[in-house]
file structure_3.cif (mmCIF, C-alpha atoms)
data_target
#
loop_
_atom_site.group_PDB
_atom_site.id
_atom_site.type_symbol
_atom_site.label_atom_id
_atom_site.label_comp_id
_atom_site.auth_asym_id
_atom_site.auth_seq_id
_atom_site.Cartn_x
_atom_site.Cartn_y
_atom_site.Cartn_z
ATOM 1 C CA MET D 1 19.366 -1.505 -18.465
ATOM 2 C CA ALA D 2 19.502 -0.392 -14.841
ATOM 3 C CA GLN D 3 20.769 -3.009 -12.431
ATOM 4 C CA THR D 4 18.855 -4.195 -9.400
ATOM 5 C CA SER D 5 19.914 -2.360 -6.248
ATOM 6 C CA GLN D 6 18.030 -3.957 -3.391
ATOM 7 C CA ALA D 7 20.304 -2.630 -0.679
ATOM 8 C CA ALA D 8 19.978 0.970 -1.767
ATOM 9 C CA ILE D 9 16.947 1.799 0.387
ATOM 10 C CA SER D 10 15.381 0.262 3.443
ATOM 11 C CA ARG D 11 11.690 -0.582 3.725
ATOM 12 C CA ARG D 12 11.148 2.365 6.070
ATOM 13 C CA GLN D 13 12.998 4.784 3.788
ATOM 14 C CA PHE D 14 10.988 3.494 0.837
ATOM 15 C CA GLY D 15 7.707 4.389 2.506
ATOM 16 C CA ARG D 16 8.891 7.733 3.814
ATOM 17 C CA MET D 17 10.299 8.874 0.490
ATOM 18 C CA ALA D 18 7.198 7.851 -1.423
ATOM 19 C CA ALA D 19 4.999 9.606 1.099
ATOM 20 C CA THR D 20 7.106 12.742 0.769
ATOM 21 C CA LEU D 21 6.409 12.877 -2.959
ATOM 22 C CA GLY D 22 2.794 11.819 -2.571
ATOM 23 C CA ALA D 23 2.043 14.568 -0.101
ATOM 24 C CA GLY D 24 3.842 16.546 -2.287
ATOM 25 C CA ALA D 25 4.439 17.291 -5.412
ATOM 26 C CA ALA D 26 2.900 19.594 -2.742
ATOM 27 C CA LEU D 27 6.373 20.738 -1.835
ATOM 28 C CA LEU D 28 6.166 23.507 -4.387
ATOM 29 C CA PRO D 29 3.419 25.712 -2.925
ATOM 30 C CA PHE D 30 4.649 25.426 0.667
ATOM 31 C CA VAL D 31 8.058 26.701 1.592
ATOM 32 C CA GLY D 32 9.019 26.597 5.246
ATOM 33 C CA GLY D 33 5.397 25.834 6.126
ATOM 34 C CA VAL D 34 4.110 29.098 4.649
ATOM 35 C CA ALA D 35 1.903 29.136 1.579
ATOM 36 C CA ARG D 36 3.543 30.926 -1.351
ATOM 37 C CA ALA D 37 1.005 33.094 -3.150
ATOM 38 C CA GLU D 38 3.036 33.102 -6.361
ATOM 39 C CA SER D 39 3.035 29.312 -6.683
ATOM 40 C CA LYS D 40 1.115 27.808 -9.564
ATOM 41 C CA ARG D 41 0.643 24.462 -11.219
ATOM 42 C CA GLY D 42 2.807 23.414 -14.129
ATOM 43 C CA GLY D 43 6.186 22.137 -15.274
ATOM 44 C CA ARG D 44 7.959 18.807 -14.986
ATOM 45 C CA LEU D 45 9.642 17.600 -11.794
ATOM 46 C CA ARG D 46 12.603 15.331 -12.612
ATOM 47 C CA ILE D 47 13.907 13.062 -9.881
ATOM 48 C CA GLY D 48 17.225 11.251 -10.132
ATOM 49 C CA ALA D 49 16.749 8.165 -7.959
ATOM 50 C CA ASN D 50 18.848 5.308 -6.662
ATOM 51 C CA GLY D 51 17.190 1.978 -5.886
ATOM 52 C CA SER D 52 16.186 1.051 -9.433
ATOM 53 C CA ASN D 53 15.224 -2.564 -10.032
ATOM 54 C CA ALA D 54 15.168 -4.380 -13.368
ATOM 55 C CA SER D 55 12.728 -6.931 -11.906
ATOM 56 C CA GLU D 56 10.235 -4.399 -10.571
ATOM 57 C CA SER D 57 6.506 -5.034 -10.895
ATOM 58 C CA TRP D 58 3.321 -2.985 -10.709
ATOM 59 C CA ASP D 59 1.964 -5.535 -8.247
ATOM 60 C CA PRO D 60 2.056 -3.736 -4.860
ATOM 61 C CA ALA D 61 2.530 -7.091 -3.130
ATOM 62 C CA THR D 62 6.134 -6.985 -4.409
ATOM 63 C CA TRP D 63 6.956 -3.369 -3.624
ATOM 64 C CA GLY D 64 9.847 -2.439 -1.364
ATOM 65 C CA VAL D 65 13.007 -2.560 -3.473
ATOM 66 C CA SER D 66 12.131 -0.366 -6.465
ATOM 67 C CA ILE D 67 12.248 3.391 -6.036
ATOM 68 C CA ILE D 68 10.316 3.857 -9.273
ATOM 69 C CA MET D 69 7.396 1.837 -7.889
ATOM 70 C CA GLY D 70 7.667 3.609 -4.555
ATOM 71 C CA LEU D 71 7.725 7.181 -5.766
ATOM 72 C CA GLY D 72 5.603 6.548 -8.849
ATOM 73 C CA GLY D 73 3.104 3.920 -7.729
ATOM 74 C CA PHE D 74 2.579 4.662 -4.056
ATOM 75 C CA GLY D 75 3.568 8.302 -4.293
ATOM 76 C CA CYS D 76 1.667 9.437 -7.381
ATOM 77 C CA ILE D 77 -0.735 6.879 -8.897
ATOM 78 C CA TYR D 78 -2.502 5.377 -5.894
ATOM 79 C CA ASN D 79 -4.008 6.289 -2.530
ATOM 80 C CA ASN D 80 -4.635 4.326 0.667
ATOM 81 C CA LEU D 81 -7.613 4.277 3.005
ATOM 82 C CA VAL D 82 -5.577 6.359 5.443
ATOM 83 C CA GLU D 83 -2.311 8.249 5.341
ATOM 84 C CA ILE D 84 0.242 9.630 7.754
ATOM 85 C CA GLY D 85 0.509 13.370 7.344
ATOM 86 C CA SER D 86 3.676 15.455 7.307
ATOM 87 C CA ASP D 87 3.096 16.058 11.016
ATOM 88 C CA GLY D 88 3.206 12.308 11.705
ATOM 89 C CA VAL D 89 -0.496 12.135 12.537
ATOM 90 C CA LEU D 90 -2.742 9.504 10.962
ATOM 91 C CA LYS D 91 -5.614 10.920 8.935
ATOM 92 C CA PRO D 92 -8.269 9.638 6.522
ATOM 93 C CA GLU D 93 -7.385 9.504 2.837
ATOM 94 C CA LEU D 94 -9.808 7.512 0.669
ATOM 95 C CA ALA D 95 -11.720 6.891 3.861
ATOM 96 C CA GLU D 96 -13.658 9.968 4.925
ATOM 97 C CA SER D 97 -13.850 8.641 8.469
ATOM 98 C CA TYR D 98 -13.217 5.484 10.446
ATOM 99 C CA GLU D 99 -14.038 4.134 13.878
ATOM 100 C CA ALA D 100 -13.333 1.072 15.963
ATOM 101 C CA ALA D 101 -15.648 -0.875 18.233
ATOM 102 C CA PRO D 102 -14.816 -0.620 21.968
ATOM 103 C CA ASP D 103 -12.882 -3.886 21.797
ATOM 104 C CA ALA D 104 -10.974 -2.708 18.661
ATOM 105 C CA LYS D 105 -11.891 -5.943 16.859
ATOM 106 C CA THR D 106 -14.342 -4.404 14.386
ATOM 107 C CA TRP D 107 -13.373 -1.375 12.324
ATOM 108 C CA THR D 108 -15.724 0.592 10.073
ATOM 109 C CA PHE D 109 -14.457 2.819 7.260
ATOM 110 C CA LYS D 110 -16.732 5.301 5.500
ATOM 111 C CA LEU D 111 -15.430 6.100 2.034
ATOM 112 C CA ARG D 112 -15.052 9.574 0.633
ATOM 113 C CA SER D 113 -17.732 10.315 -1.966
ATOM 114 C CA GLY D 114 -16.950 11.527 -5.465
ATOM 115 C CA VAL D 115 -13.538 9.855 -5.752
ATOM 116 C CA THR D 116 -12.823 8.307 -9.135
ATOM 117 C CA PHE D 117 -10.064 6.172 -10.609
ATOM 118 C CA SER D 118 -8.098 7.415 -13.596
ATOM 119 C CA ASN D 119 -10.308 5.270 -15.869
ATOM 120 C CA GLY D 120 -13.419 7.113 -14.663
ATOM 121 C CA LYS D 121 -14.724 4.370 -12.368
ATOM 122 C CA THR D 122 -16.139 5.594 -9.053
ATOM 123 C CA LEU D 123 -14.444 4.255 -5.925
ATOM 124 C CA THR D 124 -16.591 1.733 -4.019
ATOM 125 C CA ALA D 125 -16.223 -0.522 -1.005
ATOM 126 C CA ASP D 126 -15.758 -3.513 -3.309
ATOM 127 C CA ASP D 127 -12.550 -1.937 -4.631
ATOM 128 C CA VAL D 128 -11.176 -1.674 -1.115
ATOM 129 C CA VAL D 129 -12.130 -5.248 -0.234
ATOM 130 C CA ALA D 130 -10.501 -6.655 -3.384
ATOM 131 C CA SER D 131 -7.343 -4.578 -2.898
ATOM 132 C CA ILE D 132 -6.825 -5.718 0.695
ATOM 133 C CA ASN D 133 -7.741 -9.335 -0.090
ATOM 134 C CA HIS D 134 -4.989 -9.325 -2.715
ATOM 135 C CA HIS D 135 -2.517 -9.646 0.160
ATOM 136 C CA ARG D 136 -4.456 -12.222 2.200
ATOM 137 C CA GLY D 137 -4.924 -15.970 2.076
ATOM 138 C CA PRO D 138 -2.738 -19.053 2.491
ATOM 139 C CA ASP D 139 -1.308 -18.757 -1.023
ATOM 140 C CA SER D 140 -0.392 -15.086 -0.723
ATOM 141 C CA LYS D 141 3.277 -14.253 -1.188
ATOM 142 C CA SER D 142 2.707 -10.570 -0.537
ATOM 143 C CA SER D 143 5.225 -8.640 1.513
ATOM 144 C CA ALA D 144 2.173 -7.198 3.279
ATOM 145 C CA LYS D 145 0.794 -10.577 4.337
ATOM 146 C CA PRO D 146 2.043 -10.182 7.934
ATOM 147 C CA ILE D 147 0.312 -6.799 8.094
ATOM 148 C CA VAL D 148 -3.111 -8.154 7.123
ATOM 149 C CA GLU D 149 -2.932 -11.587 8.731
ATOM 150 C CA GLY D 150 -4.913 -10.291 11.707
ATOM 151 C CA ILE D 151 -7.935 -9.702 9.477
ATOM 152 C CA ALA D 152 -10.547 -12.410 10.034
ATOM 153 C CA ASN D 153 -12.990 -10.917 7.530
ATOM 154 C CA ILE D 154 -13.369 -7.835 5.377
ATOM 155 C CA LYS D 155 -16.615 -6.967 3.638
ATOM 156 C CA SER D 156 -18.570 -4.157 2.041
ATOM 157 C CA ASP D 157 -21.683 -2.806 3.726
ATOM 158 C CA GLY D 158 -23.219 -0.925 0.856
ATOM 159 C CA SER D 159 -21.177 0.931 -1.736
ATOM 160 C CA ASN D 160 -19.430 3.348 0.622
ATOM 161 C CA THR D 161 -18.733 1.389 3.802
ATOM 162 C CA VAL D 162 -16.054 -1.211 4.542
ATOM 163 C CA VAL D 163 -16.207 -3.341 7.684
ATOM 164 C CA VAL D 164 -13.092 -5.155 8.901
ATOM 165 C CA GLU D 165 -13.293 -7.833 11.569
ATOM 166 C CA LEU D 166 -10.035 -8.752 13.298
ATOM 167 C CA SER D 167 -9.181 -12.009 14.993
ATOM 168 C CA SER D 168 -8.220 -9.995 18.084
ATOM 169 C CA GLY D 169 -8.456 -6.357 19.074
ATOM 170 C CA ASN D 170 -5.825 -3.985 17.709
ATOM 171 C CA ALA D 171 -6.056 -0.303 18.614
ATOM 172 C CA ASP D 172 -3.372 0.501 16.018
ATOM 173 C CA PHE D 173 -4.993 -1.309 13.099
ATOM 174 C CA ALA D 174 -5.798 1.876 11.180
ATOM 175 C CA TYR D 175 -2.094 2.780 11.129
ATOM 176 C CA LEU D 176 -1.306 -0.504 9.404
ATOM 177 C CA LEU D 177 -3.494 0.470 6.459
ATOM 178 C CA SER D 178 -1.167 3.346 5.611
ATOM 179 C CA ASP D 179 1.483 0.829 4.520
ATOM 180 C CA TYR D 180 2.726 1.409 0.974
ATOM 181 C CA HIS D 181 1.667 -2.061 -0.189
ATOM 182 C CA LEU D 182 -1.983 -1.458 0.717
ATOM 183 C CA VAL D 183 -2.940 0.895 -2.085
ATOM 184 C CA ILE D 184 -6.444 0.712 -3.552
ATOM 185 C CA GLY D 185 -7.124 -0.293 -7.161
ATOM 186 C CA PRO D 186 -10.334 -0.821 -9.156
ATOM 187 C CA ALA D 187 -11.962 -4.231 -8.728
ATOM 188 C CA ASP D 188 -13.435 -6.378 -11.466
ATOM 189 C CA ASN D 189 -15.178 -9.523 -10.237
ATOM 190 C CA GLY D 190 -13.298 -9.341 -6.948
ATOM 191 C CA LYS D 191 -9.837 -8.914 -8.478
ATOM 192 C CA VAL D 192 -7.614 -5.944 -9.295
ATOM 193 C CA ASP D 193 -5.556 -5.802 -12.484
ATOM 194 C CA TRP D 194 -2.468 -4.165 -11.045
ATOM 195 C CA MET D 195 -0.643 -4.322 -14.378
ATOM 196 C CA ALA D 196 -3.061 -1.661 -15.657
ATOM 197 C CA HIS D 197 -1.699 0.765 -12.999
ATOM 198 C CA ILE D 198 -5.062 2.506 -12.563
ATOM 199 C CA GLY D 199 -5.429 4.399 -9.307
ATOM 200 C CA THR D 200 -7.207 7.267 -7.590
ATOM 201 C CA GLY D 201 -4.017 9.341 -7.326
ATOM 202 C CA GLY D 202 -3.127 12.540 -9.113
ATOM 203 C CA TYR D 203 -1.043 11.033 -11.928
ATOM 204 C CA THR D 204 -1.223 8.459 -14.696
ATOM 205 C CA VAL D 205 1.532 6.663 -16.600
ATOM 206 C CA ALA D 206 2.629 8.414 -19.779
ATOM 207 C CA GLU D 207 5.856 6.500 -20.492
ATOM 208 C CA TYR D 208 7.566 3.606 -18.745
ATOM 209 C CA ASP D 209 10.891 1.833 -19.251
ATOM 210 C CA VAL D 210 11.121 -0.946 -16.655
ATOM 211 C CA GLY D 211 13.847 -0.339 -14.098
ATOM 212 C CA ASN D 212 15.020 2.831 -15.792
ATOM 213 C CA ARG D 213 12.450 5.577 -16.158
ATOM 214 C CA LEU D 214 8.843 6.476 -15.415
ATOM 215 C CA LEU D 215 7.078 9.554 -16.748
ATOM 216 C CA LEU D 216 3.820 10.477 -15.059
ATOM 217 C CA LYS D 217 1.226 12.974 -16.216
ATOM 218 C CA ARG D 218 -1.163 14.831 -13.940
ATOM 219 C CA ARG D 219 -4.782 13.866 -14.483
ATOM 220 C CA ASP D 220 -7.795 16.132 -14.419
ATOM 221 C CA GLY D 221 -10.291 15.928 -11.597
ATOM 222 C CA TYR D 222 -7.958 14.737 -8.838
ATOM 223 C CA TRP D 223 -9.924 14.896 -5.608
ATOM 224 C CA LYS D 224 -7.095 16.350 -3.494
ATOM 225 C CA PRO D 225 -7.029 20.115 -4.072
ATOM 226 C CA ASN D 226 -3.581 20.746 -2.591
ATOM 227 C CA ALA D 227 -1.505 18.087 -4.352
ATOM 228 C CA ALA D 228 -0.258 17.115 -7.817
ATOM 229 C CA TRP D 229 1.182 20.545 -8.531
ATOM 230 C CA PHE D 230 3.395 19.520 -11.425
ATOM 231 C CA ASP D 231 2.093 18.758 -14.905
ATOM 232 C CA GLU D 232 4.540 15.854 -15.096
ATOM 233 C CA VAL D 233 6.789 13.898 -12.761
ATOM 234 C CA GLU D 234 9.745 12.036 -14.257
ATOM 235 C CA ILE D 235 11.588 9.449 -12.154
ATOM 236 C CA ILE D 236 14.955 8.358 -13.554
ATOM 237 C CA GLY D 237 16.820 5.386 -12.121
ATOM 238 C CA ILE D 238 20.463 6.399 -11.546
ATOM 239 C CA ASP D 239 22.186 4.026 -9.141
ATOM 240 C CA ASP D 240 25.707 5.345 -9.630
ATOM 241 C CA VAL D 241 26.339 7.963 -6.936
ATOM 242 C CA ALA D 242 28.550 10.197 -9.060
ATOM 243 C CA ALA D 243 26.168 10.083 -12.009
ATOM 244 C CA ARG D 244 23.232 10.877 -9.743
ATOM 245 C CA MET D 245 24.985 13.861 -8.200
ATOM 246 C CA ASN D 246 25.989 15.120 -11.633
ATOM 247 C CA ALA D 247 22.406 14.817 -12.824
ATOM 248 C CA ALA D 248 21.099 16.732 -9.809
ATOM 249 C CA SER D 249 23.629 19.517 -10.357
ATOM 250 C CA SER D 250 22.947 19.757 -14.082
ATOM 251 C CA THR D 251 19.834 20.040 -16.194
ATOM 252 C CA LEU D 252 19.175 16.285 -16.181
ATOM 253 C CA ALA D 253 17.333 16.254 -12.853
ATOM 254 C CA ASP D 254 15.754 18.827 -10.537
ATOM 255 C CA ILE D 255 16.124 16.890 -7.308
ATOM 256 C CA SER D 256 17.665 13.623 -6.186
ATOM 257 C CA ALA D 257 16.006 10.874 -4.212
ATOM 258 C CA GLN D 258 18.685 11.549 -1.592
ATOM 259 C CA SER D 259 17.138 14.977 -1.067
ATOM 260 C CA LEU D 260 13.705 13.388 -0.765
ATOM 261 C CA ARG D 261 15.145 10.938 1.761
ATOM 262 C CA ALA D 262 16.481 13.807 3.858
ATOM 263 C CA LEU D 263 13.161 15.594 3.658
ATOM 264 C CA SER D 264 11.200 12.495 4.649
ATOM 265 C CA ALA D 265 13.494 11.903 7.627
ATOM 266 C CA GLY D 266 13.138 15.509 8.738
ATOM 267 C CA ARG D 267 16.836 16.240 8.273
ATOM 268 C CA SER D 268 16.552 18.832 5.537
ATOM 269 C CA ASN D 269 14.933 22.216 5.178
ATOM 270 C CA PRO D 270 11.851 21.744 2.964
ATOM 271 C CA SER D 271 12.346 25.192 1.498
ATOM 272 C CA SER D 272 15.723 24.333 -0.056
ATOM 273 C CA ALA D 273 14.439 21.326 -1.987
ATOM 274 C CA ALA D 274 11.218 23.054 -2.958
ATOM 275 C CA MET D 275 13.051 26.130 -4.183
ATOM 276 C CA THR D 276 15.499 23.976 -6.153
ATOM 277 C CA ALA D 277 12.673 22.228 -7.997
ATOM 278 C CA SER D 278 10.720 25.443 -8.369
ATOM 279 C CA SER D 279 13.622 27.407 -9.794
ATOM 280 C CA ARG D 280 14.390 24.747 -12.405
ATOM 281 C CA LYS D 281 10.902 23.693 -13.453
ATOM 282 C CA LYS D 282 9.887 24.431 -16.990
ATOM 283 C CA ALA D 283 7.177 26.940 -17.691
ATOM 284 C CA ALA D 284 3.711 25.413 -17.711
#

call {"tool": "encode", "arguments": {"input": "structure_3.cif", "output": "structure tokens"}}
result
Amino acid sequence: MAQTSQAAISRRQFGRMAATLGAGAALLPFVGGVARAESKRGGRLRIGANGSNASESWDPATWGVSIIMGLGGFGCIYNNLVEIGSDGVLKPELAESYEAAPDAKTWTFKLRSGVTFSNGKTLTADDVVASINHHRGPDSKSSAKPIVEGIANIKSDGSNTVVVELSSGNADFAYLLSDYHLVIGPADNGKVDWMAHIGTGGYTVAEYDVGNRLLLKRRDGYWKPNAAWFDEVEIIGIDDVAARMNAASSTLADISAQSLRALSAGRSNPSSAAMTASSRKKAA
């Protein structure tokens, strides 16, 4: 069983690395910022990752110390209302648009139409309200509680509109909703069953060994056309540095989380990591 390694990654690195994979399994078709005409969907991307955690949970309120939850949950299974693009600019994700009142106390989010969860349920405003409320309230122990504590009220206005009222104006509120804890799950009577790991992202869980390994399978009908390029994504917890490097240089893994970390921090050439994964991926 993999041992807990809470010091392996920082909260900021966690979010950046997960976002790198989420934007990406889109690394494959874009090398050096130029679309590669020969790229095609298929294969399995295997990631050797440090930061495994034997006490990890599918509850996003607890995320932050497990690389499997970060890359798999936030990066592949779920989406947020908004996301920060590879250029560092905030853009709508599950929200098609959003706007703030002049005093920045009331925010209105219009949801993207036609988005479904992996169980076939259509995304609605009630799902967003339940997902955000999961982190609110006096009894909440969520790591995201400080992020949402400025919310005075959140409600649905029809099936495709979410209205958030803040206790005081915050011009940066939309940025807060890109946090990796604030993923959106399907609501049932105002609650989300996070243990079912059902999201609107491009992948579903095929196999899972807590703290050790997660195998994800691409689902049909993902609403993002330029993402989820691999048939499967396998995340393997390897905390030992030497073992991880050996895996990355052998046939056990295509890329290490260290490479993803460098990519997410802008310290590595995207083409090198993309070409490494591309050259090793199995035929579709």

call {"tool": "atom_distance", "arguments": {"input": "structure_3.cif", "atom1": "atom CA of Thr108 of chain D", "atom2": "atom CA of Gly169 of chain D"}}
result
13.5 Å

call {"tool": "atom_distance", "arguments": {"input": "structure_3.cif", "atom1": "atom CA of Ala187 of chain D", "atom2": "atom CA of Trp58 of chain D"}}
result
15.5 Å

call {"tool": "closest_residue", "arguments": {"input": "structure_3.cif", "among": "D:Ile67, D:Ala95, D:Ala61, D:Ile84", "to": "His135 of chain D", "atoms": "all atoms listed in the file"}}
result
D:Ala61

call {"tool": "residues_around", "arguments": {"input": "structure_3.cif", "residues": "Trp63 of chain D", "least_positions_apart": "4", "cutoff": "8 Å", "atoms": "all atoms listed in the file", "output": "count of residues only"}}
result
9

call {"tool": "resolve_selection", "arguments": {"input": "structure_3.cif", "expression": "the PyMOL selection byres ((chain D and resi 178) around 6)", "output": "PDB file with C-alpha atoms, in the coordinates of the input"}}
result
ATOM      1  CA  VAL D  82      -5.577   6.359   5.443  1.00  0.00           C
ATOM      2  CA  GLU D  83      -2.311   8.249   5.341  1.00  0.00           C
ATOM      3  CA  TYR D 175      -2.094   2.780  11.129  1.00  0.00           C
ATOM      4  CA  LEU D 176      -1.306  -0.504   9.404  1.00  0.00           C
ATOM      5  CA  LEU D 177      -3.494   0.470   6.459  1.00  0.00           C
ATOM      6  CA  ASP D 179       1.483   0.829   4.520  1.00  0.00           C
TER       7      ASP D 179
END

call {"tool": "residues_around", "arguments": {"input": "structure_3.cif", "residues": "segment 224-241 of chain D", "least_positions_apart": "4", "cutoff": "6 Å", "atoms": "only C-alpha atoms", "output": "PyMOL selection string"}}
result
chain D and resi 24-26+41-50+52+202+212-218

call {"tool": "write_last_selection", "arguments": {"input": "structure_3.cif", "atoms": "C-alpha atoms", "output": "tab-separated table (two decimals), in the coordinates of the input"}}
result
chain	number	residue	atom	x	y	z
D	24	GLY	CA	3.84	16.55	-2.29
D	25	ALA	CA	4.44	17.29	-5.41
D	26	ALA	CA	2.90	19.59	-2.74
D	41	ARG	CA	0.64	24.46	-11.22
D	42	GLY	CA	2.81	23.41	-14.13
D	43	GLY	CA	6.19	22.14	-15.27
D	44	ARG	CA	7.96	18.81	-14.99
D	45	LEU	CA	9.64	17.60	-11.79
D	46	ARG	CA	12.60	15.33	-12.61
D	47	ILE	CA	13.91	13.06	-9.88
D	48	GLY	CA	17.23	11.25	-10.13
D	49	ALA	CA	16.75	8.16	-7.96
D	50	ASN	CA	18.85	5.31	-6.66
D	52	SER	CA	16.19	1.05	-9.43
D	202	GLY	CA	-3.13	12.54	-9.11
D	212	ASN	CA	15.02	2.83	-15.79
D	213	ARG	CA	12.45	5.58	-16.16
D	214	LEU	CA	8.84	6.48	-15.42
D	215	LEU	CA	7.08	9.55	-16.75
D	216	LEU	CA	3.82	10.48	-15.06
D	217	LYS	CA	1.23	12.97	-16.22
D	218	ARG	CA	-1.16	14.83	-13.94

call {"tool": "atom_distance", "arguments": {"input": "structure_3.cif", "atom1": "atom CA of Ile198 of chain D", "atom2": "atom CA of Ile184 of chain D"}}
result
9.3 Å

call {"tool": "resolve_selection", "arguments": {"input": "structure_3.cif", "expression": "the PyMOL selection byres ((chain D and resi 152-160) around 7)", "output": "VMD selection string"}}
result
chain D and resid 110 to 111 124 to 126 129 150 to 151 161 to 167

call {"tool": "axis_aligned_box", "arguments": {"input": "structure_3.cif", "around": "segment 122-137 of chain D", "padding_each_side": "6 Å", "output": "lines of an AutoDock Vina configuration file"}}
result
center_x = -9.6
center_y = -5.2
center_z = -3.4
size_x = 26.1
size_y = 33.6
size_z = 23.3
